[in-house]
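Worksheet for the structure shown next.
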Protein chains: 2
Amino acid sequence: MKRVVIVGVGFGGLRAARILAGKGLEVLLIDRQNYHLFQPLLYQVATASLEQESIAYPIRALTRRWKGVSFRLVEVCGADLVNRKLLIAGGAIDYDYLILAAGSVTNFFGLVSIERHAYDLKTLDHAVDLRNQILGSFEKAARESDPAHRRALLTFVIVGGGPTGIEFAGALQELIRYVLAKDYPELHVAETRIILIEATDHLLAALPGELQIYALEKLRQMGVEVLLSTRVSGAEPDRVLLADGTAIPAHTLFWSAGVNAVPLASALSPAKAANGRIPVEPDLTLAGHPEVFVIGDMAYLEQDGAPLPMVAPVAMQQGEYAGKAVLLKNLNRPVVPFRYRDKGTMATIGRSAAVATAFGINVAGFLAWIVWLGLHLMYLVGFRNRILVLLNWAFYYFLHESQIRLITRKDEGGRCQ
Amino acid sequence: MKRVVIVGVGFGGLRAARILAGKGLEVLLIDRQNYHLFQPLLYQVATASLEQESIAYPIRALTRRWKGVSFRLVEVCGADLVNRKLLIAGGAIDYDYLILAAGSVTNFFGLVSIERHAYDLKTLDHAVDLRNQILGSFEKAARESDPAHRRALLTFVIVGGGPTGIEFAGALQELIRYVLAKDYPELHVAETRIILIEATDHLLAALPGELQIYALEKLRQMGVEVLLSTRVSGAEPDRVLLADGTAIPAHTLFWSAGVNAVPLASALSPAKAANGRIPVEPDLTLAGHPEVFVIGDMAYLEQDGAPLPMVAPVAMQQGEYAGKAVLLKNLNRPVVPFRYRDKGTMATIGRSAAVATAFGINVAGFLAWIVWLGLHLMYLVGFRNRILVLLNWAFYYFLHESQIRLITRKDEGGRCQ
């Protein structure tokens, strides 16, 4: 039986596996985590709106229903492409087809001080760390008598005006206004600052101008300070440094300015394109290796003169394509080139406020928000998770109350000497 | 305004605060965590049946509804009883009344090797660590080719035949039988072992003999190996050592053989009773300090010739008593001695199987299980938490499926060198 090995169980790898299940091939999924993570909602875990368990789904709960598909929790170190061997920690696995779908990591653009001090959002642990940092800062501020120090504890700097930065900024502002303001009568909401910094002169580069302006105005109206055409150059534990020499006193820096393909990409391909991605052929395979697919954030492919973006919809479509392409190749049948169908882009800013563009139609406000909610629920894996997320959203929307504001795994209590 | 300081927001401290809220006193709650934890269900977090967030409730969500009650997240280091000052990290707080309710820690009986290698269940982080260890052991076993090593990875030793040990043993066996057996087709359930070790010749010392026997038989029928009259003397990373010289190859040791009052108790009182507890007067105050109450697991009080047990119902009743006693003392009115009303004891063994005794009536089986479920839901704080727990139980009961089997914050993947 031919063996297909899929590296990474994100949006791409998961869809490839689903296509290949029960088709008479031996499919092995490999990941460093034992769950599929719904990354688009990580920011809601970080802002205490969702419990971490509701956006993760155990991979073995899927593989046990998928015939011929098994899972191994192990790190992939590289590949011997000539001999068709995937190198894993402590061994190697032979493959007939390989689908590389290990995703991306945060791009700190070589800014070492930022990598050391900033929070980012690529994993569940990141989200919980950020939640602990936000809530812990409020607890520290509640014990702090020096006004300047207290204000620095309550200043949150967000770098990157893409969907993640915007959604996080809006959700954090709502957490503060609706929940924390009531939790901390000893603090004043006016002392808190949320500063969103973007290097270009507009937010949400992937959306049309009118929606960019809507998002900007909505955020400012919510009380988020948006600094456009501003660059961050470094960070210290208690301040963020701008390229123009200004220092913003702040204990929390969230970095969502970009992503790079996972470092594994370097171990697999000498050729490299923008953001550390691996250039692929029109059928998503490596040049000279028609049995090796690279999909999602790891892959670099241009379409109509522009590179495909590193976003979930591309990974999903490429995952389905790769699964089907393996089946066709296995039958020695021809494969048509991959073509991404852009179904639209969206981002939510706050309750009842989102922006969306699809099929040339631009929507902003409540309708876009409802569509955003529905689509996110739809793509979430697992019936139970959908129920949990829906319940949490309803509680939060109607009761203005988030009960997940727990500080775990972090020592913010002040300790005896 | 007179100030009441309550140390610890467990079952006792929480109830004292609720009584004192809105009564014209300044009440300050202090804890090292920012949430109240429902400890009786920690074992279900450890066995992947409940998400950690569903058994914790943010303290500030309570204090913002309780008039005159505030919260501070800080560690308590000691007290200057003469000058009525509570010593906290980085400062001191004056009090008029002090209620000490900081609970207990696991008692390892001075066995250093066990303290180093064993898991215990007193905090949320403990529960998540134990869950990660259980699931991680299965993943490691799935990659392990040596049968003896695999068997050691799949052997779980539980020490202590009290409610925690029994409930954990039963829940772990169900997790393995109903969920993990299907998740890991590459492993055989017959390779897994759960060994429950108890030093005395019976389980559940607080229950009548017939229920002890029911529990023992039920556990054995479920496939748990129960070793009575057996003592554990030490542990290594891959084995558990018995007092008779036997070694059980096992990578997971769970210790629930007893508890001691928190170390803070030593800093507060020179007098010390069994389990490091502080002896108290009949009105739960410290001798010579009618303004200082000690309640729950920290307090030692005898009733009808026997010490009160270190269990939640005692802490709850003492918390209510202490709250009311403060109000009475503040009005210079007399306080009657505390008297514990034993409403019964219960433990659940598995689905549809629990044991309970109340008002001289002993119940075992389905009825006791339903009562157990209802009481636990009732005592859980927060409407949302009750819904979540109920939903999870229903999913688990009817679908035999637990979706929280995530390995977080732990590196079990096997790493590249």
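Each chain of the structure tokens is named A, B, ... in the order shown, its residues numbered from 1; ligands are numbered from 1 in display order.
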
Inset, instruction - Just need the residues of chain A within 8 Å of chain B, counting only C-alpha atoms, so spit them out as a ChimeraX atom specification. - result: /A:31-35,51,53,56-58,60-61,63-64,72-77,88-90,124-125,139,142-143,182-184,384,388,395,403-409,412-417

Go ahead and save the picked residues with N, CA and C atoms, as a short mmCIF file (atom, residue, chain, number, x, y, z; two decimals), in the first residue's frame.
```
data_model
loop_
_atom_site.label_atom_id
_atom_site.label_comp_id
_atom_site.auth_asym_id
_atom_site.auth_seq_id
_atom_site.Cartn_x
_atom_site.Cartn_y
_atom_site.Cartn_z
N ASP A 31 2.48 15.74 13.64
CA ASP A 31 2.44 17.11 14.17
C ASP A 31 3.16 17.13 15.51
N ARG A 32 3.57 18.33 15.93
CA ARG A 32 4.21 18.48 17.24
C ARG A 32 3.19 18.68 18.35
N GLN A 33 1.92 18.92 17.94
CA GLN A 33 0.83 19.04 18.90
C GLN A 33 -0.14 17.91 18.64
N ASN A 34 -0.90 17.51 19.65
CA ASN A 34 -1.86 16.43 19.42
C ASN A 34 -3.25 16.96 19.06
N TYR A 35 -3.31 18.24 18.64
CA TYR A 35 -4.61 18.80 18.29
C TYR A 35 -4.51 19.71 17.07
N GLU A 51 -12.39 29.67 26.22
CA GLU A 51 -11.42 28.80 26.85
C GLU A 51 -10.58 28.14 25.76
N GLU A 53 -9.62 25.21 25.30
CA GLU A 53 -10.06 23.90 24.82
C GLU A 53 -11.11 24.00 23.71
N ALA A 56 -9.52 24.04 20.07
CA ALA A 56 -8.58 22.97 19.70
C ALA A 56 -9.38 21.68 19.58
N TYR A 57 -8.94 20.80 18.69
CA TYR A 57 -9.67 19.54 18.51
C TYR A 57 -8.63 18.42 18.43
N PRO A 58 -8.78 17.39 19.29
CA PRO A 58 -7.75 16.35 19.30
C PRO A 58 -7.67 15.62 17.95
N ARG A 60 -6.54 12.73 17.18
CA ARG A 60 -6.95 11.33 17.19
C ARG A 60 -8.46 11.15 17.21
N ALA A 61 -9.19 12.19 17.60
CA ALA A 61 -10.65 12.12 17.50
C ALA A 61 -11.08 12.14 16.03
N THR A 63 -8.71 11.03 13.42
CA THR A 63 -8.10 9.88 12.73
C THR A 63 -8.83 8.58 13.06
N ARG A 64 -9.45 8.50 14.24
CA ARG A 64 -10.13 7.24 14.55
C ARG A 64 -11.38 7.06 13.72
N ARG A 72 1.01 10.51 14.36
CA ARG A 72 2.16 10.41 15.24
C ARG A 72 2.56 11.79 15.76
N LEU A 73 2.72 11.88 17.09
CA LEU A 73 3.13 13.14 17.73
C LEU A 73 4.64 13.17 17.79
N VAL A 74 5.26 13.87 16.87
CA VAL A 74 6.72 13.89 16.84
C VAL A 74 7.17 15.09 16.01
N GLU A 75 8.39 15.54 16.24
CA GLU A 75 8.89 16.66 15.46
C GLU A 75 9.57 16.17 14.18
N VAL A 76 9.33 16.90 13.11
CA VAL A 76 9.98 16.58 11.83
C VAL A 76 11.25 17.42 11.73
N CYS A 77 12.37 16.76 11.40
CA CYS A 77 13.65 17.46 11.38
C CYS A 77 14.10 17.81 9.97
N ILE A 88 12.52 12.25 11.18
CA ILE A 88 11.84 12.71 12.39
C ILE A 88 12.76 12.50 13.58
N ALA A 89 12.41 13.10 14.72
CA ALA A 89 13.22 12.94 15.92
C ALA A 89 13.36 11.44 16.21
N GLY A 90 14.58 10.96 16.24
CA GLY A 90 14.83 9.57 16.58
C GLY A 90 14.53 8.57 15.48
N LEU A 124 -1.61 27.85 21.19
CA LEU A 124 -2.48 27.92 22.35
C LEU A 124 -1.72 28.47 23.56
N ASP A 125 -0.49 28.03 23.74
CA ASP A 125 0.29 28.52 24.87
C ASP A 125 0.54 30.02 24.76
N GLU A 139 -3.77 43.21 37.76
CA GLU A 139 -3.57 42.91 39.18
C GLU A 139 -2.38 43.68 39.73
N ALA A 142 -3.32 47.23 40.19
CA ALA A 142 -4.19 47.43 41.35
C ALA A 142 -3.37 47.55 42.64
N ARG A 143 -2.16 46.96 42.65
CA ARG A 143 -1.30 47.04 43.85
C ARG A 143 -0.32 48.20 43.77
N LYS A 182 -15.28 46.96 35.53
CA LYS A 182 -16.12 46.63 36.69
C LYS A 182 -15.35 45.80 37.72
N ASP A 183 -14.38 45.01 37.23
CA ASP A 183 -13.61 44.15 38.13
C ASP A 183 -12.67 44.95 39.02
N TYR A 184 -12.18 46.06 38.50
CA TYR A 184 -11.15 46.81 39.22
C TYR A 184 -11.65 48.21 39.58
N ARG A 384 -19.09 19.87 19.73
CA ARG A 384 -18.99 20.40 21.09
C ARG A 384 -18.32 21.76 21.10
N LEU A 388 -19.80 25.26 22.57
CA LEU A 388 -19.09 26.02 23.61
C LEU A 388 -18.84 27.45 23.17
N PHE A 395 -23.11 34.50 26.09
CA PHE A 395 -22.92 35.01 27.45
C PHE A 395 -22.26 36.38 27.41
N GLN A 403 -16.10 34.90 31.85
CA GLN A 403 -15.71 34.23 33.09
C GLN A 403 -14.40 33.48 33.00
N ILE A 404 -13.68 33.72 31.93
CA ILE A 404 -12.46 32.94 31.75
C ILE A 404 -11.26 33.78 32.14
N ARG A 405 -11.51 34.86 32.83
CA ARG A 405 -10.40 35.75 33.16
C ARG A 405 -9.58 35.20 34.32
N LEU A 406 -8.96 34.07 34.07
CA LEU A 406 -8.14 33.38 35.07
C LEU A 406 -6.67 33.60 34.76
N ILE A 407 -5.89 33.76 35.80
CA ILE A 407 -4.44 33.81 35.63
C ILE A 407 -3.90 32.45 36.02
N THR A 408 -3.43 31.69 35.04
CA THR A 408 -2.91 30.35 35.31
C THR A 408 -1.45 30.33 34.92
N ARG A 409 -0.69 29.44 35.55
CA ARG A 409 0.70 29.23 35.14
C ARG A 409 1.53 30.49 35.16
N GLU A 412 1.82 36.10 39.44
CA GLU A 412 1.61 37.55 39.49
C GLU A 412 1.23 37.98 40.90
N GLY A 413 1.31 37.05 41.84
CA GLY A 413 0.75 37.34 43.15
C GLY A 413 1.63 38.19 44.03
N GLY A 414 2.86 38.40 43.67
CA GLY A 414 3.78 39.04 44.60
C GLY A 414 4.16 37.96 45.60
N ARG A 415 5.42 37.67 45.75
CA ARG A 415 5.82 36.54 46.59
C ARG A 415 6.62 37.00 47.81
N CYS A 416 6.48 36.23 48.88
CA CYS A 416 7.26 36.50 50.08
C CYS A 416 8.73 36.21 49.78
N GLN A 417 9.63 36.96 50.43
CA GLN A 417 11.07 36.75 50.16
C GLN A 417 11.53 35.46 50.80
#
```

Legend entry - Test item: residues at most 9 Å from segment 284-291 of chain A, only C-alpha atoms, excluding those fewer than 2 positions along its chain, as a ChimeraX atom specification: /A:81-82,84,96-99,269,278-282,293-295,299-301,318,321-322,326,329,337-338

Inset, instruction - Considering only C-alpha atoms, state which residue in the set A:Ala152, A:Val292, A:Leu216, A:Ile55 is at the smallest distance from Arg386 of chain A. - result: A:Ile55

Inset, instruction - Per DSSP on the backbone, filter segment 93-306 of chain B down to the residues in strand (DSSP E or B) and report them as number ranges by chain. - result: B: 93-94, 97-100, 104-106, 119, 155-159, 193-197, 225-227, 232-236, 239-242, 247-249, 252-255, 259-261, 278-279, 285-286, 289-294, 299-300, 302-303, 306

Pull C-alpha atoms from the residues just selected and write them as an mmCIF file, in the first residue's frame.
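Output file again-v3.cif is given in full below:
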```cif
data_model
loop_
_atom_site.group_PDB
_atom_site.id
_atom_site.type_symbol
_atom_site.label_atom_id
_atom_site.label_comp_id
_atom_site.auth_asym_id
_atom_site.auth_seq_id
_atom_site.Cartn_x
_atom_site.Cartn_y
_atom_site.Cartn_z
ATOM 1 C CA ILE B 93 -2.275 45.225 56.054
ATOM 2 C CA ASP B 94 -3.997 46.270 59.271
ATOM 3 C CA TYR B 97 -10.711 40.745 62.266
ATOM 4 C CA LEU B 98 -8.680 38.106 60.473
ATOM 5 C CA ILE B 99 -10.044 34.893 58.962
ATOM 6 C CA LEU B 100 -7.350 32.422 57.956
ATOM 7 C CA SER B 104 -3.889 22.557 52.638
ATOM 8 C CA VAL B 105 -1.131 21.095 50.510
ATOM 9 C CA THR B 106 -0.354 17.483 49.667
ATOM 10 C CA TYR B 119 1.788 14.090 40.607
ATOM 11 C CA THR B 155 1.119 1.796 34.020
ATOM 12 C CA PHE B 156 -0.489 4.345 36.314
ATOM 13 C CA VAL B 157 0.043 3.978 40.052
ATOM 14 C CA ILE B 158 -2.341 5.787 42.379
ATOM 15 C CA VAL B 159 -1.539 5.991 46.071
ATOM 16 C CA ARG B 193 -2.507 -1.031 34.154
ATOM 17 C CA ILE B 194 -4.064 1.091 36.831
ATOM 18 C CA ILE B 195 -2.856 0.165 40.298
ATOM 19 C CA LEU B 196 -4.502 1.704 43.349
ATOM 20 C CA ILE B 197 -2.437 1.343 46.502
ATOM 21 C CA GLU B 225 -5.799 -3.458 40.477
ATOM 22 C CA VAL B 226 -6.330 -2.584 44.124
ATOM 23 C CA LEU B 227 -3.526 -3.354 46.571
ATOM 24 C CA VAL B 232 4.882 2.906 48.959
ATOM 25 C CA SER B 233 8.388 3.852 50.053
ATOM 26 C CA GLY B 234 9.855 5.763 47.141
ATOM 27 C CA ALA B 235 9.816 6.559 43.443
ATOM 28 C CA GLU B 236 12.086 6.938 40.446
ATOM 29 C CA ARG B 239 9.284 2.935 38.782
ATOM 30 C CA VAL B 240 7.419 2.998 42.073
ATOM 31 C CA LEU B 241 9.028 1.297 45.062
ATOM 32 C CA LEU B 242 7.008 -0.566 47.676
ATOM 33 C CA ALA B 247 9.386 -2.239 42.271
ATOM 34 C CA ILE B 248 6.494 -1.508 39.926
ATOM 35 C CA PRO B 249 7.681 -0.252 36.523
ATOM 36 C CA THR B 252 3.143 7.920 36.284
ATOM 37 C CA LEU B 253 2.627 8.079 40.030
ATOM 38 C CA PHE B 254 -0.347 9.947 41.436
ATOM 39 C CA TRP B 255 -0.197 10.710 45.133
ATOM 40 C CA VAL B 259 -2.877 16.551 53.163
ATOM 41 C CA ASN B 260 -1.207 18.994 55.545
ATOM 42 C CA ALA B 261 -2.245 22.529 56.432
ATOM 43 C CA ILE B 278 -3.532 25.139 64.095
ATOM 44 C CA PRO B 279 -5.503 24.223 67.252
ATOM 45 C CA THR B 285 -10.437 31.594 67.104
ATOM 46 C CA LEU B 286 -6.800 31.445 68.131
ATOM 47 C CA HIS B 289 -6.858 36.252 69.902
ATOM 48 C CA PRO B 290 -10.654 36.388 69.738
ATOM 49 C CA GLU B 291 -10.309 38.506 66.571
ATOM 50 C CA VAL B 292 -8.397 35.822 64.616
ATOM 51 C CA PHE B 293 -10.338 32.900 63.128
ATOM 52 C CA VAL B 294 -8.759 29.825 61.592
ATOM 53 C CA ALA B 299 -7.831 24.501 61.697
ATOM 54 C CA TYR B 300 -7.668 21.681 64.230
ATOM 55 C CA GLU B 302 -12.058 18.082 68.050
ATOM 56 C CA GLN B 303 -15.728 17.266 68.237
ATOM 57 C CA ALA B 306 -12.380 13.074 67.253
#
```

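Residues in contact range of Gly24 of chain B, defined as at most 12 Å between only C-alpha atoms, with sequence neighbours fewer than 3 positions away removed, read B:Met1, B:Lys2, B:Arg3, B:Val4, B:Ile19, B:Leu20, B:Ala21, B:Val27, B:Trp66, B:Lys67, B:Gly68, B:Val69, B:Val326, B:Leu327, B:Asn330, B:Leu331.
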